[in-house]
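As provided, upload_22.tsv (TSV, C-alpha atoms) reads as follows.
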```tsv
chain	number	residue	atom	x	y	z
T	1	MET	CA	-7.23	-3.01	-27.55
T	2	ALA	CA	-6.12	-5.54	-24.95
T	3	LYS	CA	-2.42	-6.26	-24.65
T	4	GLU	CA	-1.69	-9.96	-24.56
T	5	SER	CA	-0.45	-11.24	-21.23
T	6	ASN	CA	0.82	-14.77	-20.58
T	7	LYS	CA	1.39	-14.24	-16.87
T	8	VAL	CA	-0.73	-16.36	-14.57
T	9	ILE	CA	-1.51	-14.66	-11.27
T	10	GLU	CA	-2.13	-16.99	-8.34
T	11	ILE	CA	-5.05	-15.59	-6.32
T	12	ASN	CA	-4.33	-14.98	-2.64
T	13	ASN	CA	-5.96	-13.12	0.25
T	14	TYR	CA	-4.19	-9.90	-0.70
T	15	ASN	CA	-4.54	-9.62	-4.48
T	16	ILE	CA	-8.15	-10.85	-4.60
T	17	LYS	CA	-9.17	-7.44	-3.23
T	18	LYS	CA	-7.64	-5.75	-6.30
T	19	ILE	CA	-9.36	-7.93	-8.91
T	20	ASN	CA	-12.00	-5.95	-10.80
T	21	TYR	CA	-14.94	-8.29	-11.31
T	22	ASP	CA	-16.59	-5.91	-13.77
T	23	ILE	CA	-13.89	-6.52	-16.41
T	24	ILE	CA	-13.67	-10.30	-15.97
T	25	ILE	CA	-14.74	-11.79	-19.31
T	26	ALA	CA	-14.22	-15.53	-18.85
T	27	VAL	CA	-14.21	-18.01	-15.97
T	28	ALA	CA	-13.22	-21.68	-16.28
T	29	VAL	CA	-14.18	-24.03	-13.46
T	30	ALA	CA	-13.48	-27.72	-12.87
T	31	GLU	CA	-15.62	-29.93	-10.66
T	32	ASN	CA	-14.10	-32.25	-8.08
T	33	GLY	CA	-12.90	-35.31	-9.97
T	34	ALA	CA	-12.79	-33.44	-13.29
T	35	GLN	CA	-10.20	-34.24	-15.93
T	36	GLY	CA	-7.21	-31.93	-15.90
T	37	GLU	CA	-7.07	-30.07	-12.59
T	38	PRO	CA	-9.94	-31.13	-10.28
T	39	GLY	CA	-11.32	-28.02	-8.58
T	40	GLY	CA	-9.30	-25.78	-10.89
T	41	PHE	CA	-10.41	-22.16	-11.32
T	42	GLN	CA	-9.26	-19.61	-13.90
T	43	ALA	CA	-10.54	-16.11	-14.60
T	44	VAL	CA	-9.45	-13.85	-17.45
T	45	ASP	CA	-10.03	-10.09	-17.61
T	46	GLU	CA	-10.20	-7.67	-20.53
T	47	LYS	CA	-6.48	-6.97	-20.24
T	48	LEU	CA	-5.88	-10.72	-20.63
T	49	ARG	CA	-4.59	-11.12	-17.09
T	50	ILE	CA	-5.13	-14.71	-16.03
T	51	TYR	CA	-6.05	-15.40	-12.41
T	52	HIS	CA	-5.75	-18.94	-11.07
T	53	SER	CA	-6.83	-20.76	-7.93
T	54	ASN	CA	-8.20	-24.11	-6.83
T	55	LEU	CA	-11.58	-24.45	-5.16
T	56	ASN	CA	-10.17	-27.02	-2.75
T	57	THR	CA	-6.48	-26.30	-2.26
T	58	GLY	CA	-6.04	-22.67	-3.35
T	59	LYS	CA	-4.35	-19.92	-1.32
T	60	VAL	CA	-7.71	-18.17	-0.89
T	61	SER	CA	-10.81	-19.68	0.68
T	62	TYR	CA	-13.72	-20.89	-1.43
T	63	LYS	CA	-15.98	-18.43	0.39
T	64	LYS	CA	-13.82	-15.45	-0.62
T	65	LEU	CA	-13.56	-16.74	-4.18
T	66	VAL	CA	-17.33	-16.99	-4.54
T	67	SER	CA	-17.76	-13.59	-2.91
T	68	LYS	CA	-15.51	-11.96	-5.51
T	69	PHE	CA	-16.72	-13.99	-8.52
T	70	ARG	CA	-20.40	-13.93	-7.56
T	71	LEU	CA	-21.58	-15.67	-10.75
T	72	LEU	CA	-20.48	-18.90	-9.03
T	73	LYS	CA	-22.89	-18.50	-6.13
T	74	GLY	CA	-25.47	-21.25	-6.20
T	75	PHE	CA	-24.31	-22.95	-9.38
T	76	ASN	CA	-22.28	-25.80	-7.86
T	77	CYS	CA	-19.65	-25.50	-10.60
T	78	ALA	CA	-21.72	-27.35	-13.22
T	79	CYS	CA	-23.30	-24.02	-14.23
T	80	THR	CA	-25.85	-25.54	-16.60
T	81	ASP	CA	-28.59	-23.28	-15.24
T	82	ILE	CA	-26.72	-20.08	-16.02
T	83	ASN	CA	-28.04	-19.87	-19.58
T	84	LYS	CA	-31.62	-20.21	-18.29
T	85	LYS	CA	-31.15	-17.58	-15.60
T	86	ASN	CA	-29.53	-15.16	-18.06
T	87	LEU	CA	-27.35	-13.40	-15.49
T	88	GLY	CA	-25.11	-11.85	-18.11
T	89	TRP	CA	-23.03	-15.01	-18.70
T	90	LYS	CA	-23.13	-17.92	-21.15
T	91	TRP	CA	-22.01	-21.46	-20.41
T	92	PHE	CA	-19.83	-23.80	-22.51
T	93	ASP	CA	-19.29	-27.46	-21.64
T	94	LEU	CA	-15.58	-28.23	-21.92
T	95	GLY	CA	-16.13	-31.91	-21.15
T	96	GLY	CA	-14.78	-34.07	-18.36
T	97	GLY	CA	-16.41	-31.98	-15.63
T	98	ASN	CA	-14.97	-28.69	-16.90
T	99	SER	CA	-17.08	-25.59	-17.58
T	100	LEU	CA	-16.40	-22.25	-19.25
T	101	LEU	CA	-18.41	-19.09	-18.57
T	102	ILE	CA	-18.17	-16.21	-21.04
T	103	ARG	CA	-19.61	-12.79	-20.28
T	104	GLU	CA	-22.63	-12.33	-22.52
T	105	LYS	CA	-21.20	-9.14	-24.00
T	106	TYR	CA	-18.54	-11.26	-25.77
T	107	TYR	CA	-20.51	-14.46	-26.26
T	108	LYS	CA	-21.45	-14.00	-29.93
T	109	LEU	CA	-17.93	-13.01	-30.96
T	110	PHE	CA	-16.36	-15.85	-28.98
T	111	ASN	CA	-18.83	-18.46	-30.25
T	112	GLU	CA	-18.29	-17.39	-33.87
T	113	SER	CA	-14.52	-17.65	-33.39
T	114	VAL	CA	-14.88	-21.11	-31.85
T	115	ILE	CA	-16.84	-22.35	-34.86
T	116	GLU	CA	-14.41	-20.66	-37.27
T	117	LYS	CA	-11.35	-22.26	-35.68
T	118	LEU	CA	-12.71	-25.62	-34.51
T	119	GLY	CA	-15.63	-26.21	-36.88
T	120	LYS	CA	-19.36	-26.37	-36.22
T	121	ASP	CA	-19.17	-29.94	-34.88
T	122	TYR	CA	-16.16	-29.43	-32.62
T	123	LYS	CA	-15.53	-31.80	-29.74
T	124	LYS	CA	-15.66	-30.60	-26.16
T	125	GLY	CA	-12.05	-31.62	-25.61
T	126	GLU	CA	-10.94	-29.36	-28.46
T	127	LEU	CA	-12.56	-26.36	-26.82
T	128	TYR	CA	-10.99	-27.35	-23.47
T	129	LYS	CA	-7.53	-27.14	-25.06
T	130	ASN	CA	-8.14	-24.01	-27.14
T	131	TRP	CA	-10.57	-21.67	-25.36
T	132	LEU	CA	-7.85	-19.43	-23.98
T	133	SER	CA	-6.05	-19.01	-27.30
T	134	ILE	CA	-9.39	-18.27	-29.01
T	135	LEU	CA	-10.15	-15.69	-26.34
T	136	LYS	CA	-6.79	-14.04	-26.98
T	137	SER	CA	-7.41	-14.05	-30.73
T	138	ILE	CA	-10.48	-11.80	-30.34
T	139	SER	CA	-8.82	-9.47	-27.83
T	140	ASP	CA	-8.73	-6.54	-30.29
T	141	ASN	CA	-12.46	-6.25	-29.64
T	142	PHE	CA	-12.06	-5.84	-25.88
T	143	ASN	CA	-12.34	-2.43	-24.31
T	144	ASP	CA	-12.47	-0.90	-20.88
T	145	GLU	CA	-16.21	-0.26	-20.98
T	146	PRO	CA	-17.81	-2.01	-17.99
T	147	TRP	CA	-20.03	-4.97	-18.87
T	148	TRP	CA	-23.15	-3.28	-17.53
T	149	PHE	CA	-23.05	-0.54	-20.22
T	150	SER	CA	-24.58	-3.04	-22.64
T	151	PHE	CA	-26.39	-5.21	-20.11
T	152	GLU	CA	-30.17	-5.04	-19.90
T	153	PHE	CA	-32.82	-7.00	-18.01
T	154	HIS	CA	-35.48	-8.66	-20.17
T	155	ASN	CA	-38.09	-9.49	-17.51
T	156	ILE	CA	-38.69	-9.05	-13.80
T	157	ASP	CA	-37.75	-12.65	-13.01
T	158	GLU	CA	-34.23	-11.92	-14.26
T	159	ILE	CA	-34.06	-9.05	-11.78
T	160	ILE	CA	-35.25	-11.31	-8.96
T	161	ASP	CA	-32.60	-13.92	-9.82
T	162	TYR	CA	-29.96	-11.19	-10.07
T	163	VAL	CA	-30.77	-9.77	-6.63
T	164	LYS	CA	-30.82	-13.26	-5.11
T	165	VAL	CA	-27.20	-13.92	-6.11
T	166	TYR	CA	-25.95	-10.38	-5.61
T	167	ASN	CA	-23.80	-10.79	-2.52
T	168	GLU	CA	-21.10	-8.19	-3.08
T	169	ALA	CA	-22.58	-4.92	-1.90
T	170	PRO	CA	-21.26	-1.60	-3.23
T	171	LEU	CA	-18.31	0.06	-1.52
T	172	TYR	CA	-19.60	3.24	0.04
T	173	VAL	CA	-17.53	6.40	0.33
T	174	ARG	CA	-17.66	8.98	3.05
T	175	THR	CA	-19.65	12.15	2.64
T	176	HIS	CA	-19.24	15.52	4.28
T	177	LYS	CA	-21.87	18.03	5.28
T	178	ASN	CA	-21.82	21.38	3.49
T	179	LYS	CA	-22.59	24.69	5.16
T	180	ASP	CA	-26.00	24.79	3.51
T	181	GLY	CA	-26.92	21.45	5.05
T	182	THR	CA	-26.52	19.36	1.89
T	183	ARG	CA	-24.02	16.53	1.63
T	184	SER	CA	-21.23	15.97	-0.90
T	185	ILE	CA	-19.37	12.82	-1.82
T	186	ASP	CA	-15.69	12.44	-0.98
T	187	GLY	CA	-14.16	10.34	-3.76
T	188	CYS	CA	-16.22	8.05	-5.97
T	189	ILE	CA	-18.57	5.11	-5.64
T	190	ASN	CA	-17.47	1.66	-6.77
T	191	TYR	CA	-20.50	-0.50	-7.55
T	192	ASP	CA	-21.80	-3.17	-9.86
T	193	GLY	CA	-23.61	-1.03	-12.41
T	194	GLY	CA	-26.04	-3.79	-13.29
T	195	LEU	CA	-27.69	-3.14	-9.94
T	196	PHE	CA	-28.61	0.33	-11.11
T	197	LYS	CA	-30.40	-1.00	-14.19
T	198	ILE	CA	-33.13	-2.34	-11.91
T	199	THR	CA	-35.11	0.88	-11.46
T	200	LYS	CA	-34.86	1.69	-15.17
T	201	PHE	CA	-36.57	-1.60	-16.04
T	202	LEU	CA	-39.17	-1.41	-13.26
T	203	VAL	CA	-40.24	2.12	-14.22
T	204	LYS	CA	-40.27	1.47	-17.95
T	205	ASN	CA	-42.42	-1.65	-17.53
T	206	LYS	CA	-44.77	-0.05	-14.98
T	207	TYR	CA	-43.88	-2.14	-11.93
T	208	VAL	CA	-43.08	1.05	-9.97
T	209	PHE	CA	-44.02	4.67	-10.67
T	210	GLU	CA	-41.80	7.75	-10.50
T	211	GLU	CA	-44.72	9.93	-9.41
T	212	TYR	CA	-44.37	8.44	-5.92
T	213	TYR	CA	-40.64	9.18	-5.65
T	214	ASP	CA	-41.21	12.52	-3.89
T	215	ASN	CA	-44.13	11.40	-1.74
T	216	GLU	CA	-42.67	12.38	1.61
T	217	LYS	CA	-45.56	10.93	3.58
T	218	TYR	CA	-43.65	7.64	3.33
T	219	SER	CA	-40.27	9.03	4.42
T	220	TYR	CA	-40.88	7.57	7.89
T	221	LEU	CA	-40.29	4.12	6.38
T	222	PHE	CA	-36.57	4.85	6.25
T	223	ARG	CA	-36.58	5.76	9.93
T	224	LYS	CA	-38.19	2.57	11.18
T	225	ARG	CA	-37.16	-1.06	11.11
T	226	ILE	CA	-39.05	-2.69	8.26
T	227	ASP	CA	-39.87	-6.34	8.69
T	228	ILE	CA	-40.04	-8.41	5.51
T	229	LYS	CA	-43.53	-9.56	6.53
T	230	ASP	CA	-44.70	-5.91	6.58
T	231	ILE	CA	-44.12	-5.71	2.83
T	232	ASP	CA	-46.99	-8.17	2.27
T	233	ASP	CA	-49.37	-5.29	3.01
T	234	PHE	CA	-47.54	-2.51	1.13
T	235	ASP	CA	-49.35	-0.87	-1.76
T	236	ILE	CA	-47.81	0.34	-5.02
T	237	GLU	CA	-47.12	3.81	-3.60
T	238	GLN	CA	-45.06	2.46	-0.70
T	239	VAL	CA	-43.26	-0.08	-2.88
T	240	SER	CA	-42.44	2.53	-5.54
T	241	TYR	CA	-41.22	5.03	-2.95
T	242	LEU	CA	-38.89	2.58	-1.19
T	243	ILE	CA	-37.41	1.02	-4.32
T	244	LEU	CA	-36.78	4.34	-6.07
T	245	ARG	CA	-35.59	6.23	-3.00
T	246	CYS	CA	-33.10	3.58	-1.88
T	247	PHE	CA	-31.17	4.38	-5.10
T	248	ASN	CA	-31.11	8.09	-4.28
T	249	ILE	CA	-27.50	9.36	-4.09
T	250	GLU	CA	-27.70	10.29	-0.41
T	251	ARG	CA	-29.28	6.94	0.42
T	252	ILE	CA	-26.43	5.23	-1.44
T	253	CYS	CA	-23.88	7.05	0.68
T	254	GLU	CA	-25.76	6.15	3.84
T	255	GLY	CA	-25.57	2.48	2.89
T	256	THR	CA	-29.29	1.93	2.26
T	257	ILE	CA	-28.76	-0.38	-0.71
T	258	LYS	CA	-26.31	-2.46	1.29
T	259	ILE	CA	-28.86	-2.82	4.09
T	260	PHE	CA	-31.70	-3.59	1.66
T	261	LEU	CA	-29.60	-6.27	-0.06
T	262	GLU	CA	-28.30	-7.96	3.07
T	263	SER	CA	-31.73	-7.97	4.76
T	264	ARG	CA	-33.45	-9.20	1.55
T	265	LEU	CA	-35.77	-6.18	1.71
T	266	LEU	CA	-34.97	-5.15	-1.88
T	267	LEU	CA	-35.70	-8.66	-3.10
T	268	ARG	CA	-39.06	-8.75	-1.31
T	269	LEU	CA	-39.99	-5.27	-2.53
T	270	ILE	CA	-39.36	-6.32	-6.14
T	271	GLU	CA	-41.38	-9.49	-5.62
T	272	ARG	CA	-44.19	-7.36	-4.14
T	273	ALA	CA	-44.10	-5.05	-7.18
T	274	LYS	CA	-44.58	-8.12	-9.37
T	275	GLU	CA	-47.51	-9.28	-7.22
T	276	LEU	CA	-49.21	-5.88	-7.35
T	277	LYS	CA	-49.08	-5.99	-11.13
T	278	GLY	CA	-50.95	-9.29	-10.98
T	279	GLU	CA	-48.13	-11.50	-12.22
```
As structure tokens:
Amino acid sequence: MAKESNKVIEINNYNIKKINYDIIIAVAVAENGAQGEPGGFQAVDEKLRIYHSNLNTGKVSYKKLVSKFRLLKGFNCACTDINKKNLGWKWFDLGGGNSLLIREKYYKLFNESVIEKLGKDYKKGELYKNWLSILKSISDNFNDEPWWFSFEFHNIDEIIDYVKVYNEAPLYVRTHKNKDGTRSIDGCINYDGGLFKITKFLVKNKYVFEEYYDNEKYSYLFRKRIDIKDIDDFDIEQVSYLILRCFNIERICEGTIKIFLESRLLLRLIERAKELKGE
């Protein structure tokens, strides 16, 4: 159960590093010229901590804010496309240039509470004034389970959209070499777990095949510089091997996913898997 907190934390260059994006449940954003606070930004986590900044005049740069709260990337604050893209968030219009994003895990509960408290035909301005109190009223249903426990992809286009906006790569820990030549992890890995739902969907829906995971004849691909254009000629064996192996625990520790994300290789590989299936 979440403990109610009324403290508003002003986001700065120091504390933004400590914010856990995976337990953020609501984000309110105001466009420039919006009613209320133009450029205003609020985020609320499962412990009901409220984080505040301003997209224009805040103590932290807009670039850092978008990097931490990656759902904002590419949505230009209006956010109307977020329901179509289904990136794990749902959009509410608060009126006057103000938007509210609720993590999909809590959308149904929040929406039902909105209708219960404000009526089915509520006005946008009413939700603008009451969304935070409504969020607090359903806090008994919050828990510390990361959002991605219940998150699933519904089609490959959702995965492609997800990878396109995924700009916060996992934090990799150091590993040490054991006497037998294997490697062990020092500490733990902090990552967005939704990223690791990708292979589950691709295998289940026959975009890639696990039988090629151990096909070492393609291991050289990790030792060479792959150009995105090269992927145009890859077959299903090569695509399956690269996608599945880049999520291997040792590859994670070596930073392969980070490289594949930043270079757009993972995105192109997923697109190629879709092409090979004839879609």
Inset, instruction - One decimal, Å: what's the distance from atom CA of Val66 of chain T over to atom CA of Gly96 of chain T, could you say? - result: 22.1 Å
Inset, instruction - Tell me which of T:Lys200, T:Lys136, T:Lys224, T:Lys105 sits closest to Val44 of chain T, counting all atoms listed in the file. - result: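 With all atoms listed in the file as the atom set, the closest residue is T:Lys136.
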Legend entry - Within 9 Å of Phe110 of chain T using only C-alpha atoms, minus same-chain residues under 2 positions, as a list of chain:residue names: T:Ile102, T:Tyr106, T:Tyr107, T:Lys108, T:Glu112, T:Ser113, T:Val114, T:Ile115, T:Trp131, T:Ile134, T:Leu135, T:Ile138
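Each of T:Glu152, T:Glu116, T:Glu158, T:Asp233 was compared to Glu104 of chain T using all atoms listed in the file, and T:Glu152 turns out to be the nearest.
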Legend entry - Separation of atom CA of Gly125 of chain T from atom CA of Ser53 of chain T, in Å and rounded to one decimal: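 Between atom CA of Gly125 of chain T and atom CA of Ser53 of chain T the gap works out to 21.4 Å.
Distances to Gly278 of chain T were evaluated for T:Ile236, T:Ile198, T:Ile259, T:Lys179 using only C-alpha atoms, and the minimum falls at T:Ile236.
Between atom CA of Tyr212 of chain T and atom CA of Asp227 of chain T lies a distance of 21.3 Å.
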For Lys217 of chain T: contacts at 10 Å, all atoms listed in the file, fewer than 3 positions along chain excluded, given as an mmCIF file with C-alpha atoms, in the frame of the given file:
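Generated file (result-v4.cif):
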```cif
data_model
loop_
_atom_site.group_PDB
_atom_site.id
_atom_site.type_symbol
_atom_site.label_atom_id
_atom_site.label_comp_id
_atom_site.auth_asym_id
_atom_site.auth_seq_id
_atom_site.Cartn_x
_atom_site.Cartn_y
_atom_site.Cartn_z
ATOM 1 C CA TYR T 212 -44.370 8.440 -5.920
ATOM 2 C CA ASP T 214 -41.210 12.520 -3.890
ATOM 3 C CA TYR T 220 -40.880 7.570 7.890
ATOM 4 C CA LEU T 221 -40.290 4.120 6.380
ATOM 5 C CA GLN T 238 -45.060 2.460 -0.700
ATOM 6 C CA TYR T 241 -41.220 5.030 -2.950
#
```
Inset, instruction - Counting only C-alpha atoms, figure out which residue out of T:Ile159, T:Ile19, T:Ala273, T:Leu195 gets nearest to His52 of chain T. - result: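 Between T:Ile159, T:Ile19, T:Ala273, T:Leu195, the residue approaching His52 of chain T most closely is T:Ile19.
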Legend entry - Best match for closeness to Ala26 of chain T among T:Ser67, T:Leu101, T:Pro38, T:Leu244, counting all atoms listed in the file: T:Leu101
Inset, instruction - Write out as a VMD selection string each polymer residue whose atoms come within 10 Å of Val163 of chain T, counting only C-alpha atoms; drop sequence neighbours fewer than 2 positions from it. - result: chain T and resid 157 to 161 165 to 167 195 198 261 264 266 to 268 270
Inset, instruction - Show which residues sit within 10 Å of Ile226 of chain T, as a VMD selection string. Count all atoms listed in the file, and ignore same-chain residues fewer than 6 positions away. - result: chain T and resid 260 263 265
Inset, instruction - Would you please work out which residue, of T:Phe153, T:Tyr21, T:Tyr213, T:Tyr122, is nearest to Gly88 of chain T when using all atoms listed in the file? - result: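 Closest candidate: T:Phe153.
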